Amino acid sequence: MLIVILAGVLLAFLAPLLYRWLGRYVSIPMALYPLSAFVFLASYLPQVLSGETINVVYRWAPALNINLHFYIDGLSLFFALLVTGFGTLIMIYAGGYLKGDPLLGRFYLYLTLFMVAMAGVVLSGNIFCLFVFWELTSLSSYLLIGYKHNKQESRDAALQALMVTGAGGMALMAGLLLLGMAGETYTLSDLLHKRELVTSHDLYLPLLVLILIGAFTKSAQFPFHFWLPNAMAAPTPVSAYLHSATMVKAGIYLLARLTPVLGGTEVWHYSLMTAGGITTLLGALLAIQHTDLKAILAYTTISALGILVTMTGIGSAPALQAMLVFLLAHALYKGTLFLVAGNVDHATGTREIGQLQGLGKGMKTTAVAAMLAAMSMAGVLPFFGFIGKELLYEAALGATAFKAVLFAVSFFSGMVFAAVALVLGYQLFWRRKARPTPLRHSLSPALFWPPLILASTGLVFGLFPAPLVTPVLRRAAEAMLGVEQLFELALWHGFTLVLGLSLLTLLMGYVVYRYSKRLLSYSSRFNILYKLGPDRVYGLAIKGLLLGSTSLTRIIQNGYLRVYITVMIITLIGLLVLVKNQSQLELDLSQSTVTIMDVRLYEVVLFILILPALLFLIRVRSRLTSIAILGMIGYSGALYFVLFGAPDVAATQLLIETMTVVVFVLVLHKLPQFRFVGSRFQRIRYMIVSVLFGAMMTYVTLLVKQYPLVSGLKTFYGENSYLLGHGRNIVNVILVDFRALDTLGETTVLGVAAIGIYAMLKLRMDKDH
Amino acid sequence: MKTLILAVAIRIFIPIFVFFSLYILIRGHNHPGGGFIGGLICAIGFIFHTMTHGPKETSNTFFTVRYYRLTPERGQGFLLHKLIILYKNLFRKEEVRTGSEWHKRQFRIDPIFIIASGLFLATTSGVFSLLANQPYMTGVWADYYLPIIGKPGTPILFDLGVYLLVLGVVLKITFIMAEE
C-alpha cells in the first residue's frame with residue numbers, strides 16, 4: 001500500500017526530468033502510474049466484495065496515535081478506483097492539451113502529487129493521516145490553479161482557493177481532534193463503532209460544526225462556493241479532474257465516511273439539507289446566467305455537489321444509494337463535458353457559447369462524446385445518469401421531512417441540467433450547420449479519446465448496472481449504513497410516478513433551453529445581489545486582514561532596539577512572578593551565607609574588576625570606550641567559566657567577545673552619534689528595568705542553587721559519552737551526538753540569521769543608491 | 001583601518017589561524033574545542049584580514065578559485081572534459097598557463113556557499129544511520145583509528161558542518177558590514 005503512495009511521490013518529482021528526456025512521450029509513464037495503481041487497487045476488489053475490510057498500518061509516531069494507516073472498505077475503494085481510473089485518462093488528455101508547453105513537466109508533477117494526495121485521503125484510516133493528505137490536496141490544487149502563473153487572474157484564484165480550503169482545513173483539524181477526543185480513538189475504523197459515545201458527548205456540536213466547515217469549504221457548499229468558479233482559471237484537465245470529479249468530492253467523501261459516527265441526529269440532517277439545498281438552487285440559478293462554457297459547468301458542478309450533500313443529509317438507505325449512484329454518474333458525464341469544453345476551447349480559441357456553432361463537422365468524435373455525456377446529464381433513458389436521477393427523485397419523495405421542498409429542489413436542478421445538456425450536446429455542435437465557427441487546428445487523438453471513453457463508460461454502466469457497478473456500490477453503501485443492504489440498480493422500473501417526473505424534467509428542461517435568452521434578460525436584475533455575495537465578503541476580509549496586519553506590524557516592529565529589549569525583559573519578569581506565585585519555592589538566604597565563606601581569591605579579584613567597570617560604563621560618553629568596557633566585562637565573565645571548570649564555554653565566550661568588539665569597530669563610524677536618549681524620566685524607567693532584570697537573575701540563580709535539579713542526565717552523559725559517543729569531551733559529545741538535532745536546529749537558525757542580516761543591509765544599500 | 005604591522009602580520013598569521021582552528025575542531029571530541037569554537041577561530045583570522053585589507057581583498061585572496069578552462073572537443077564526454085581540466089590545472093600548470101587554447105576563469109566562493117555546504121554536511125551526516133536502519137542522526141562509527149583524527153564517525157562530519165556554517169555566517173556578516 002505504502003509503495004503506491006511513495007512511487008507516486010517519486011514519479012511526481014521525476015516528472016520534470018522525464019519531460020526533458022522523453023519530450024511529449026512523457027505522458028506515457030505518467031499515465032501508466034495511475035493505471036497500475038488502479039489495477040493494484042482493483043486487486044482488492046474480491047476481498048472487499050466479499051465484505052472484508054483491509055487495514056494496513058505503518059507506525060509513524062505511535063505514541064501520539066499518529067500512524068500511516070490505510071483502510072480499505074467498499075466506500076474508500078470506490079473513491080480510490082474513481083480517482084485512479086479517472087486520473088489515467090486525465091494524464092493522457094493533459095499530454096495532448098498542453099502539448100509543447102515548456103512547463104508540462106511541472107504540470108505533471110503537481111497533477112501526480114494531487115492524485116497521490118487524493119488517493120491518500122480516501123484510503124486513510126487514521127485521522128491525522130487523513131488530515132495530512134487533505135491539506136496536500138489543497139496545496140496541489142493551489143499549484144494547479146495557479147499554473148498559468150503569469151496571469152493575475154490565475155494567481156488570485158489560486159490564492160483564494162487556498163485561503164478558503166485552507167481555512168476549512170484548519171477547522172477540520174480542530175474538528176477531527178475533538179472527534180478523536182470524544183470517541184477516544186484516532187483510528188477511523190474504531191470510530192465507526194462509537195456512534196453513541198460521540199453523539200451524546202458534550203463536544204458533539206462544536207466538532208460537528210468544525211468538520212462541516214471543513215467539508216463544505218472543500219466541496220464548495222454555500223456560502224463557501226465562490227472559490228470554485230474562480231478556480232476555473234486552471235487548465236481544463238485540472239478543472240475536469242480536481243474541480244469536478246475528485247477533489248471537490250473529498251468533502252462528500254468525508255461526510256459519507258463519518259455518517260455512521262456523526263449522522264442520524266437532527267442537527268446533522270437539517271444542517272446538511274439546508275446547506276445542500278441552498279447550494280443546489282444557487283448553482284442551478286447561476287448556471288443558466290453564464291455564457292462561458294467552463295463557468296456553466298462550474299455552477300452545475302456546485303449544484304450537483306449540493307444534491308450530494310442534501311442526499312447525505314437525508315441519510316436514509318435510498319438517499320445514500322442515490323448519492324453514490326449520482327456521484328459516479330456525475331463524475332463520468334461532468335468530466336467528459338469539461339474535457340469537451342477544453343477541446344472546443346483548444347480548437348476554436350473561445351468558450352463563449354454565443355460565438356460557437358456548427359462544430360459537429362470539424363470535431364466529430366468530440367461531438368459524439370459530448371452528446372453521450374449530455375444525455376447522461378439530462379437523464380435520458382439508457383444512460384447511467386438516468387438511473388441516478390430516478391433514484392434521486394425516489395429518495396427525495398421518500399424523505400421523512402420536507403418532502404416537497406427536497407423534491408422541488410432536485411426537480412429544479414434536474415431541469416437546469418437538462419437545459420445545459422441541450423446547450424452542450426446539441427447547440428454547440430449540431431444547430432445551425434451553415435456557418436460553423438472556424439477551427440484553428442484539428443484535435444489530436446489524446447484529446448478526443450479520453451472524453452469518448454468516459455462518456456461511453458456512462459452508457460455501458462447504464463445498460464449493464466447490475467454486473468459492473470452494483471457490487472461495489474453495495475459495499476460502499478454498507479460502509480455508510482453499517483448494515484447489509486439490498487441494493488439493486490435497474491434501468492427500467494416500469495411506468496411509475498418517478499418515470500413520469502423524469503420525463504417532465506426533460507420537457508421543462510427543453511422549455512428553459514428554448515427561452516433561455518429571455519430568462520437571461522430577467523436575471524440581470526439580480527446583479528445587485530452579487531455585490532453583496534460571499535466573493536465580495538472574501539475580498540473585503542482579505543483587504544481588512546492586510547490592513548490589520550500592516551498596522552499591527554507597525555506597532556510590534558517599531559525598529560527601536562531599546563523598546564524590544566524592554567518588552568522582552570518585562571515579559572520575562574512577569575512570567576517569573578507568575579511561576580513564582582504558583583510554586584511553593586522559598587528562597588532561604590541562611591544557607592547562602594555559608595557559601596560566601598569559601599570564595600576564592602581569584603573570584604574576588606574578578607568581582608572587583610567587574611563592579612567598577614559596570615559603574616564606569618553607565619557614565620561613559622563615548623561609544624568606543626563603552627564597547628571596550630563591555631568587552632572587558634565579557635572577558636572577566638569568561639574567566640569565571642574557566643575557574644568553575646567549563647573550558648569550552650569559556651573559550652566560546654572569549655571568542656564571541658572578541659568578535660563582538662571587532663564587528664562593532666567595523667560599523668562604528670556608520671552609527672549615529674552616541675548620546676543619551678530621552679528625558680530624565682525615560683532614563684529612570686530604563687534604570688528600573690535594568691535593576692529589576694539584575695535582581696531577577698540573581699534571585700533565580702540563588703533559587704536554582706538552593707534547589708538543585710535532580711536528574712540522571714549528568715551521570716548518564718558522564719557514563720555514556722565515551723561508551724556510546726566515543727568522545728571524552730562530554731560537552732562536545734552532547735552537542736554533536738546526543739543532542740545533534742538541537743544543534744542542527746540552532747545552526748540552521750544561525751544561517752538564516754546571516755541571510756536575514758544580508759537582506760536587511762543589502763536592501764538599505766539599494767535604497768541609498 | 002590600515003596599520004602596517006597588523007596588515008603584514010595577519011597575512012602570515014592566517015595559515016596559523018586556519019590550522020589552529022582545524023586542530024581545535026579535531027581535538028574537540030576528546031578535549032575542549034569543537035566545531036563552533038574552531039569555526040570562530042578560523043573566522044577571526046579572516047576578520048582581521050578584512051579589517052586591514054578590506055573585504056574585496058580578502059575575498060580575492062582567499063575565496064576566489066582561479067583556473068584555466070579548455071573548450072570541450074566535439075563528442076567529448078562531460079566528465080572526461082572536467083577531469084582533464086582538473087588534472088592539467090593541478091599538475092601541468094606550465095602547459096595550462098602558456099597554452100593558447102586555455103582560457104583564464106575564476107569564481108568567487110561567497111560565504112553563503114560555505115554556510116550552505118556546512119548545513120548540507122550537518123544534515124546529511126545524520127542520514128548514514130538511516131541506511132543502517134537506525135533513527136536519523138544516530139552516530140555511526142568506524143572500527144579503526146586514523147592518525148590525527150582518531151576514530152572516524154558521522155558526528156565528526158556533523159562537527160565539520162557546524163565549523164563550516166559558523167565560519168560562513170561570521171564571514172558573511174563581516175563582509176557585509178565592512179562593505180557598506
# chains A, B, ... in the order shown; residues from 1 in each chain; ligands from 1

call {"tool": "select_by_dssp", "arguments": {"residues": "region 71-261 of chain A", "states": "helix (DSSP H, G or I)", "output": "MDAnalysis selection string"}}
result
chainID A and resid 74:97 104:123 127:145 152:183 188:191 195:199 204:218 227:233 236:245 247:261

call {"tool": "write_last_selection", "arguments": {"atoms": "C-alpha atoms", "output": "short mmCIF file (atom, residue, chain, number, x, y, z; two decimals), in the first residue's frame"}}
result
data_model
loop_
_atom_site.label_atom_id
_atom_site.label_comp_id
_atom_site.auth_asym_id
_atom_site.auth_seq_id
_atom_site.Cartn_x
_atom_site.Cartn_y
_atom_site.Cartn_z
CA GLY A 74 -16.32 -0.52 -0.09
CA LEU A 75 -16.53 3.26 0.23
CA SER A 76 -12.82 4.00 0.13
CA LEU A 77 -12.20 1.52 -2.65
CA PHE A 78 -14.99 3.05 -4.72
CA PHE A 79 -13.47 6.51 -4.38
CA ALA A 80 -9.92 5.29 -4.89
CA LEU A 81 -10.84 3.49 -8.09
CA LEU A 82 -12.61 6.62 -9.30
CA VAL A 83 -9.55 8.76 -8.54
CA THR A 84 -7.02 6.49 -10.21
CA GLY A 85 -9.19 5.43 -13.14
CA PHE A 86 -10.18 8.99 -13.97
CA GLY A 87 -6.57 10.03 -13.35
CA THR A 88 -5.29 7.73 -16.08
CA LEU A 89 -7.48 9.38 -18.70
CA ILE A 90 -6.63 12.87 -17.44
CA MET A 91 -2.90 12.17 -17.65
CA ILE A 92 -3.27 11.19 -21.31
CA TYR A 93 -5.51 14.17 -22.00
CA ALA A 94 -3.18 16.64 -20.31
CA GLY A 95 -0.33 15.49 -22.55
CA GLY A 96 -2.40 16.45 -25.58
CA TYR A 97 -3.92 19.57 -24.10
CA LEU A 104 4.46 20.44 -18.89
CA GLY A 105 6.87 18.52 -16.65
CA ARG A 106 6.00 20.75 -13.74
CA PHE A 107 2.31 20.36 -14.52
CA TYR A 108 2.65 16.59 -14.31
CA LEU A 109 4.49 17.00 -11.03
CA TYR A 110 1.59 18.89 -9.48
CA LEU A 111 -1.05 16.65 -11.01
CA THR A 112 0.58 13.41 -9.87
CA LEU A 113 1.14 14.88 -6.43
CA PHE A 114 -2.52 15.74 -6.26
CA MET A 115 -3.54 12.28 -7.33
CA VAL A 116 -1.38 10.69 -4.65
CA ALA A 117 -2.83 13.05 -2.03
CA MET A 118 -6.38 12.36 -3.14
CA ALA A 119 -5.83 8.61 -3.06
CA GLY A 120 -4.34 9.11 0.40
CA VAL A 121 -7.42 11.00 1.60
CA VAL A 122 -9.83 8.27 0.60
CA LEU A 123 -7.62 5.42 1.81
CA ILE A 127 -7.43 10.94 11.49
CA PHE A 128 -4.01 12.59 11.27
CA CYS A 129 -3.11 10.70 8.15
CA LEU A 130 -6.36 11.84 6.58
CA PHE A 131 -5.71 15.43 7.52
CA VAL A 132 -2.18 15.44 6.08
CA PHE A 133 -3.39 14.14 2.74
CA TRP A 134 -6.37 16.50 2.86
CA GLU A 135 -4.07 19.50 3.18
CA LEU A 136 -1.85 18.13 0.44
CA THR A 137 -4.80 18.17 -1.93
CA SER A 138 -5.41 21.84 -1.07
CA LEU A 139 -1.76 22.67 -1.72
CA SER A 140 -1.54 20.83 -5.01
CA SER A 141 -4.83 22.38 -6.06
CA TYR A 142 -3.29 25.80 -5.34
CA LEU A 143 -0.32 24.99 -7.55
CA LEU A 144 -2.53 23.67 -10.33
CA ILE A 145 -4.94 26.59 -10.36
CA GLN A 152 -3.02 37.91 -12.32
CA GLU A 153 -6.42 36.22 -12.52
CA SER A 154 -4.92 32.74 -12.10
CA ARG A 155 -2.82 33.79 -9.15
CA ASP A 156 -5.75 35.43 -7.38
CA ALA A 157 -7.98 32.42 -7.98
CA ALA A 158 -5.29 30.06 -6.70
CA LEU A 159 -4.77 32.12 -3.58
CA GLN A 160 -8.50 32.36 -2.98
CA ALA A 161 -8.97 28.61 -3.30
CA LEU A 162 -6.07 28.02 -0.95
CA MET A 163 -7.37 30.53 1.59
CA VAL A 164 -10.88 29.11 1.63
CA THR A 165 -9.97 25.43 1.62
CA GLY A 166 -7.01 26.08 3.89
CA ALA A 167 -9.17 27.84 6.46
CA GLY A 168 -11.62 24.96 6.16
CA GLY A 169 -8.71 22.60 6.69
CA MET A 170 -7.86 24.34 9.95
CA ALA A 171 -11.44 23.94 11.12
CA LEU A 172 -11.37 20.32 10.04
CA MET A 173 -8.19 19.68 12.01
CA ALA A 174 -9.78 21.06 15.17
CA GLY A 175 -12.96 19.13 14.46
CA LEU A 176 -11.13 15.86 13.89
CA LEU A 177 -9.11 16.31 17.07
CA LEU A 178 -12.32 16.89 19.03
CA LEU A 179 -13.81 13.86 17.34
CA GLY A 180 -10.81 11.83 18.40
CA MET A 181 -11.20 13.09 21.96
CA ALA A 182 -14.92 12.40 22.03
CA GLY A 183 -14.56 8.96 20.50
CA LEU A 188 -11.30 5.74 11.77
CA SER A 189 -12.32 2.09 11.71
CA ASP A 190 -12.65 2.12 15.50
CA LEU A 191 -14.52 5.42 15.46
CA ARG A 195 -21.67 6.50 17.46
CA GLU A 196 -23.45 6.58 20.85
CA LEU A 197 -20.34 7.84 22.61
CA VAL A 198 -19.75 10.64 20.11
CA THR A 199 -23.31 11.84 19.55
CA TYR A 204 -20.63 16.80 19.61
CA LEU A 205 -21.99 20.16 18.46
CA PRO A 206 -18.68 22.03 18.17
CA LEU A 207 -16.95 19.12 16.50
CA LEU A 208 -19.78 18.70 14.04
CA VAL A 209 -19.72 22.38 13.13
CA LEU A 210 -15.96 22.35 12.61
CA ILE A 211 -15.98 19.21 10.50
CA LEU A 212 -18.86 20.54 8.42
CA ILE A 213 -16.95 23.75 7.75
CA GLY A 214 -14.03 21.66 6.54
CA ALA A 215 -16.21 19.55 4.29
CA PHE A 216 -18.29 22.46 2.99
CA THR A 217 -15.28 24.58 2.02
CA LYS A 218 -13.74 21.67 0.17
CA TRP A 227 -13.90 29.78 -4.99
CA LEU A 228 -14.91 27.01 -7.40
CA PRO A 229 -15.97 29.14 -10.42
CA ASN A 230 -12.84 31.25 -9.97
CA ALA A 231 -10.75 28.09 -9.88
CA MET A 232 -11.73 27.54 -13.49
CA ALA A 233 -8.72 29.70 -14.29
CA THR A 236 -9.10 22.36 -18.35
CA PRO A 237 -7.69 18.95 -17.37
CA VAL A 238 -7.40 20.32 -13.86
CA SER A 239 -10.95 21.62 -13.85
CA ALA A 240 -12.23 18.28 -15.07
CA TYR A 241 -10.23 16.24 -12.61
CA LEU A 242 -9.93 18.31 -9.45
CA HIS A 243 -12.81 20.71 -9.57
CA SER A 244 -15.44 18.40 -10.86
CA ALA A 245 -14.66 14.73 -10.46
CA MET A 247 -11.14 16.94 -5.10
CA VAL A 248 -14.42 18.73 -4.57
CA LYS A 249 -15.86 15.34 -3.71
CA ALA A 250 -13.40 14.90 -0.89
CA GLY A 251 -15.83 16.82 1.31
CA ILE A 252 -18.63 14.49 0.24
CA TYR A 253 -16.37 11.53 0.96
CA LEU A 254 -15.66 12.84 4.44
CA LEU A 255 -19.36 13.31 5.15
CA ALA A 256 -20.12 9.85 3.81
CA ARG A 257 -17.27 8.33 5.77
CA LEU A 258 -18.39 9.94 9.01
CA THR A 259 -22.10 9.27 8.50
CA PRO A 260 -22.02 6.18 10.74
CA VAL A 261 -20.37 8.21 13.53
#

call {"tool": "residues_around", "arguments": {"residues": "Ile565 (chain A)", "least_positions_apart": "6", "cutoff": "12 Å", "atoms": "only C-alpha atoms", "output": "PyMOL selection string"}}
result
chain A and resi 559+571-572+686+689-690+693

call {"tool": "closest_residue", "arguments": {"among": "B:Phe158, B:Leu171, B:Gly150, B:Ala122", "to": "Phe62 (chain B)", "atoms": "only C-alpha atoms"}}
result
B:Leu171

call {"tool": "closest_residue", "arguments": {"among": "A:Ala287, A:Leu713, A:Ala651, A:Ala42", "to": "chain B", "atoms": "only C-alpha atoms"}}
result
A:Ala651

call {"tool": "residues_around", "arguments": {"residues": "Ile115 (chain B)", "least_positions_apart": "5", "cutoff": "8 Å", "atoms": "only C-alpha atoms", "output": "PyMOL selection string"}}
result
(chain A and resi 751) or (chain B and resi 164-169)

call {"tool": "write_last_selection", "arguments": {"atoms": "N, CA and C atoms", "output": "PDB file, in the first residue's frame"}}
result
ATOM      1  N   GLY A 751      22.327  30.269  10.289  1.00  0.00           N
ATOM      2  CA  GLY A 751      22.429  30.510   8.850  1.00  0.00           C
ATOM      3  C   GLY A 751      21.343  31.442   8.359  1.00  0.00           C
TER       4      GLY A 751
ATOM      5  N   LEU B 164      31.992  24.761   9.387  1.00  0.00           N
ATOM      6  CA  LEU B 164      31.832  25.499   8.127  1.00  0.00           C
ATOM      7  C   LEU B 164      30.718  26.532   8.241  1.00  0.00           C
ATOM      8  N   LEU B 165      29.629  26.138   8.874  1.00  0.00           N
ATOM      9  CA  LEU B 165      28.494  27.046   8.976  1.00  0.00           C
ATOM     10  C   LEU B 165      28.847  28.283   9.784  1.00  0.00           C
ATOM     11  N   VAL B 166      29.490  28.072  10.928  1.00  0.00           N
ATOM     12  CA  VAL B 166      29.870  29.213  11.774  1.00  0.00           C
ATOM     13  C   VAL B 166      30.833  30.111  11.018  1.00  0.00           C
ATOM     14  N   LEU B 167      31.811  29.490  10.353  1.00  0.00           N
ATOM     15  CA  LEU B 167      32.773  30.269   9.562  1.00  0.00           C
ATOM     16  C   LEU B 167      32.025  31.105   8.526  1.00  0.00           C
ATOM     17  N   GLY B 168      31.108  30.459   7.819  1.00  0.00           N
ATOM     18  CA  GLY B 168      30.378  31.160   6.762  1.00  0.00           C
ATOM     19  C   GLY B 168      29.554  32.307   7.308  1.00  0.00           C
ATOM     20  N   VAL B 169      28.855  32.044   8.414  1.00  0.00           N
ATOM     21  CA  VAL B 169      27.981  33.077   8.977  1.00  0.00           C
ATOM     22  C   VAL B 169      28.797  34.299   9.373  1.00  0.00           C
TER      23      VAL B 169
END

call {"tool": "atom_distance", "arguments": {"atom1": "CA of Ile569 (chain A)", "atom2": "CA of Leu655 (chain A)"}}
result
25.9 Å

call {"tool": "closest_residue", "arguments": {"among": "A:Gln706, A:Ser711, A:Thr652, A:Gln582", "to": "chain B", "atoms": "only C-alpha atoms"}}
result
A:Thr652

call {"tool": "atom_distance", "arguments": {"atom1": "CA of Phe19 (chain B)", "atom2": "CA of Gly45 (chain B)"}}
result
10.7 Å

call {"tool": "atom_distance", "arguments": {"atom1": "CA of Ala754 (chain A)", "atom2": "CA of His53 (chain B)"}}
result
22.4 Å

call {"tool": "residues_around", "arguments": {"residues": "Arg728 (chain A)", "least_positions_apart": "4", "cutoff": "9 Å", "atoms": "only C-alpha atoms", "output": "PyMOL selection string"}}
result
(chain A and resi 718+721-722+732-733) or (chain B and resi 29-31)

call {"tool": "residues_around", "arguments": {"residues": "Arg108 (chain B)", "least_positions_apart": "4", "cutoff": "8 Å", "atoms": "only C-alpha atoms", "output": "MDAnalysis selection string"}}
result
chainID B and resid 59:60 63:65

call {"tool": "write_last_selection", "arguments": {"atoms": "N, CA and C atoms", "output": "compact mmCIF listing (two decimals), in the first residue's frame"}}
result
# COMPACT_ATOMS: atom_id res chain seq x y z
N SER B 59 38.41 38.50 -0.06
CA SER B 59 37.71 37.52 -0.87
C SER B 59 38.51 37.19 -2.13
N ASN B 60 39.28 38.17 -2.64
CA ASN B 60 40.13 37.88 -3.79
C ASN B 60 41.25 36.92 -3.43
N PHE B 63 39.12 33.55 -1.16
CA PHE B 63 37.85 32.91 -1.53
C PHE B 63 37.58 33.00 -3.03
N THR B 64 38.64 33.05 -3.80
CA THR B 64 38.45 33.04 -5.24
C THR B 64 39.25 31.89 -5.81
N VAL B 65 38.62 31.08 -6.63
CA VAL B 65 39.33 29.97 -7.28
C VAL B 65 39.64 30.39 -8.70

call {"tool": "select_by_dssp", "arguments": {"residues": "region 41-174 of chain B", "states": "strand (DSSP E or B)", "output": "list of chain:residue names"}}
result
B:Thr64, B:Val65, B:Arg66, B:Tyr67, B:Tyr68, B:Arg69, B:Leu70, B:Trp102, B:His103, B:Lys104, B:Arg105, B:Gln106, B:Phe107, B:Arg108, B:Trp141, B:Leu146, B:Gly150, B:Gly153

call {"tool": "closest_residue", "arguments": {"among": "A:Glu352, A:Asp766, A:Asp648, A:Glu719", "to": "chain B", "atoms": "only C-alpha atoms"}}
result
A:Asp648

call {"tool": "decode", "arguments": {"residues": "region 598-609 of chain A", "atoms": "N, CA, C and O atoms", "output": "compact mmCIF listing (two decimals), in the first residue's frame"}}
result
# COMPACT_ATOMS: atom_id res chain seq x y z
N ASP A 598 33.53 30.31 51.45
CA ASP A 598 34.63 29.68 50.71
C ASP A 598 34.80 30.27 49.31
O ASP A 598 34.89 29.56 48.31
N VAL A 599 34.78 31.58 49.25
CA VAL A 599 35.09 32.24 47.99
C VAL A 599 36.60 32.28 47.82
O VAL A 599 37.33 32.54 48.78
N ARG A 600 37.05 32.02 46.58
CA ARG A 600 38.49 32.03 46.35
C ARG A 600 38.97 33.43 45.99
O ARG A 600 38.17 34.29 45.60
N LEU A 601 40.26 33.62 46.07
CA LEU A 601 40.84 34.94 45.86
C LEU A 601 40.59 35.44 44.43
O LEU A 601 40.23 36.59 44.22
N TYR A 602 40.77 34.49 43.44
CA TYR A 602 40.58 34.91 42.03
C TYR A 602 39.20 35.50 41.81
O TYR A 602 39.02 36.47 41.09
N GLU A 603 38.24 34.85 42.43
CA GLU A 603 36.88 35.30 42.21
C GLU A 603 36.69 36.72 42.72
O GLU A 603 36.04 37.54 42.09
N VAL A 604 37.28 36.98 43.87
CA VAL A 604 37.18 38.33 44.43
C VAL A 604 37.82 39.33 43.49
O VAL A 604 37.28 40.40 43.21
N VAL A 605 38.98 38.95 42.95
CA VAL A 605 39.68 39.86 42.04
C VAL A 605 38.81 40.18 40.83
O VAL A 605 38.64 41.33 40.44
N LEU A 606 38.23 39.13 40.27
CA LEU A 606 37.38 39.34 39.10
C LEU A 606 36.19 40.22 39.44
O LEU A 606 35.79 41.10 38.68
N PHE A 607 35.64 39.97 40.64
CA PHE A 607 34.49 40.76 41.09
C PHE A 607 34.86 42.23 41.19
O PHE A 607 34.14 43.11 40.72
N ILE A 608 36.02 42.46 41.76
CA ILE A 608 36.49 43.85 41.93
C ILE A 608 36.72 44.49 40.57
O ILE A 608 36.52 45.68 40.37
N LEU A 609 37.10 43.66 39.59
CA LEU A 609 37.33 44.17 38.25
C LEU A 609 36.00 44.55 37.58
O LEU A 609 35.88 45.58 36.92
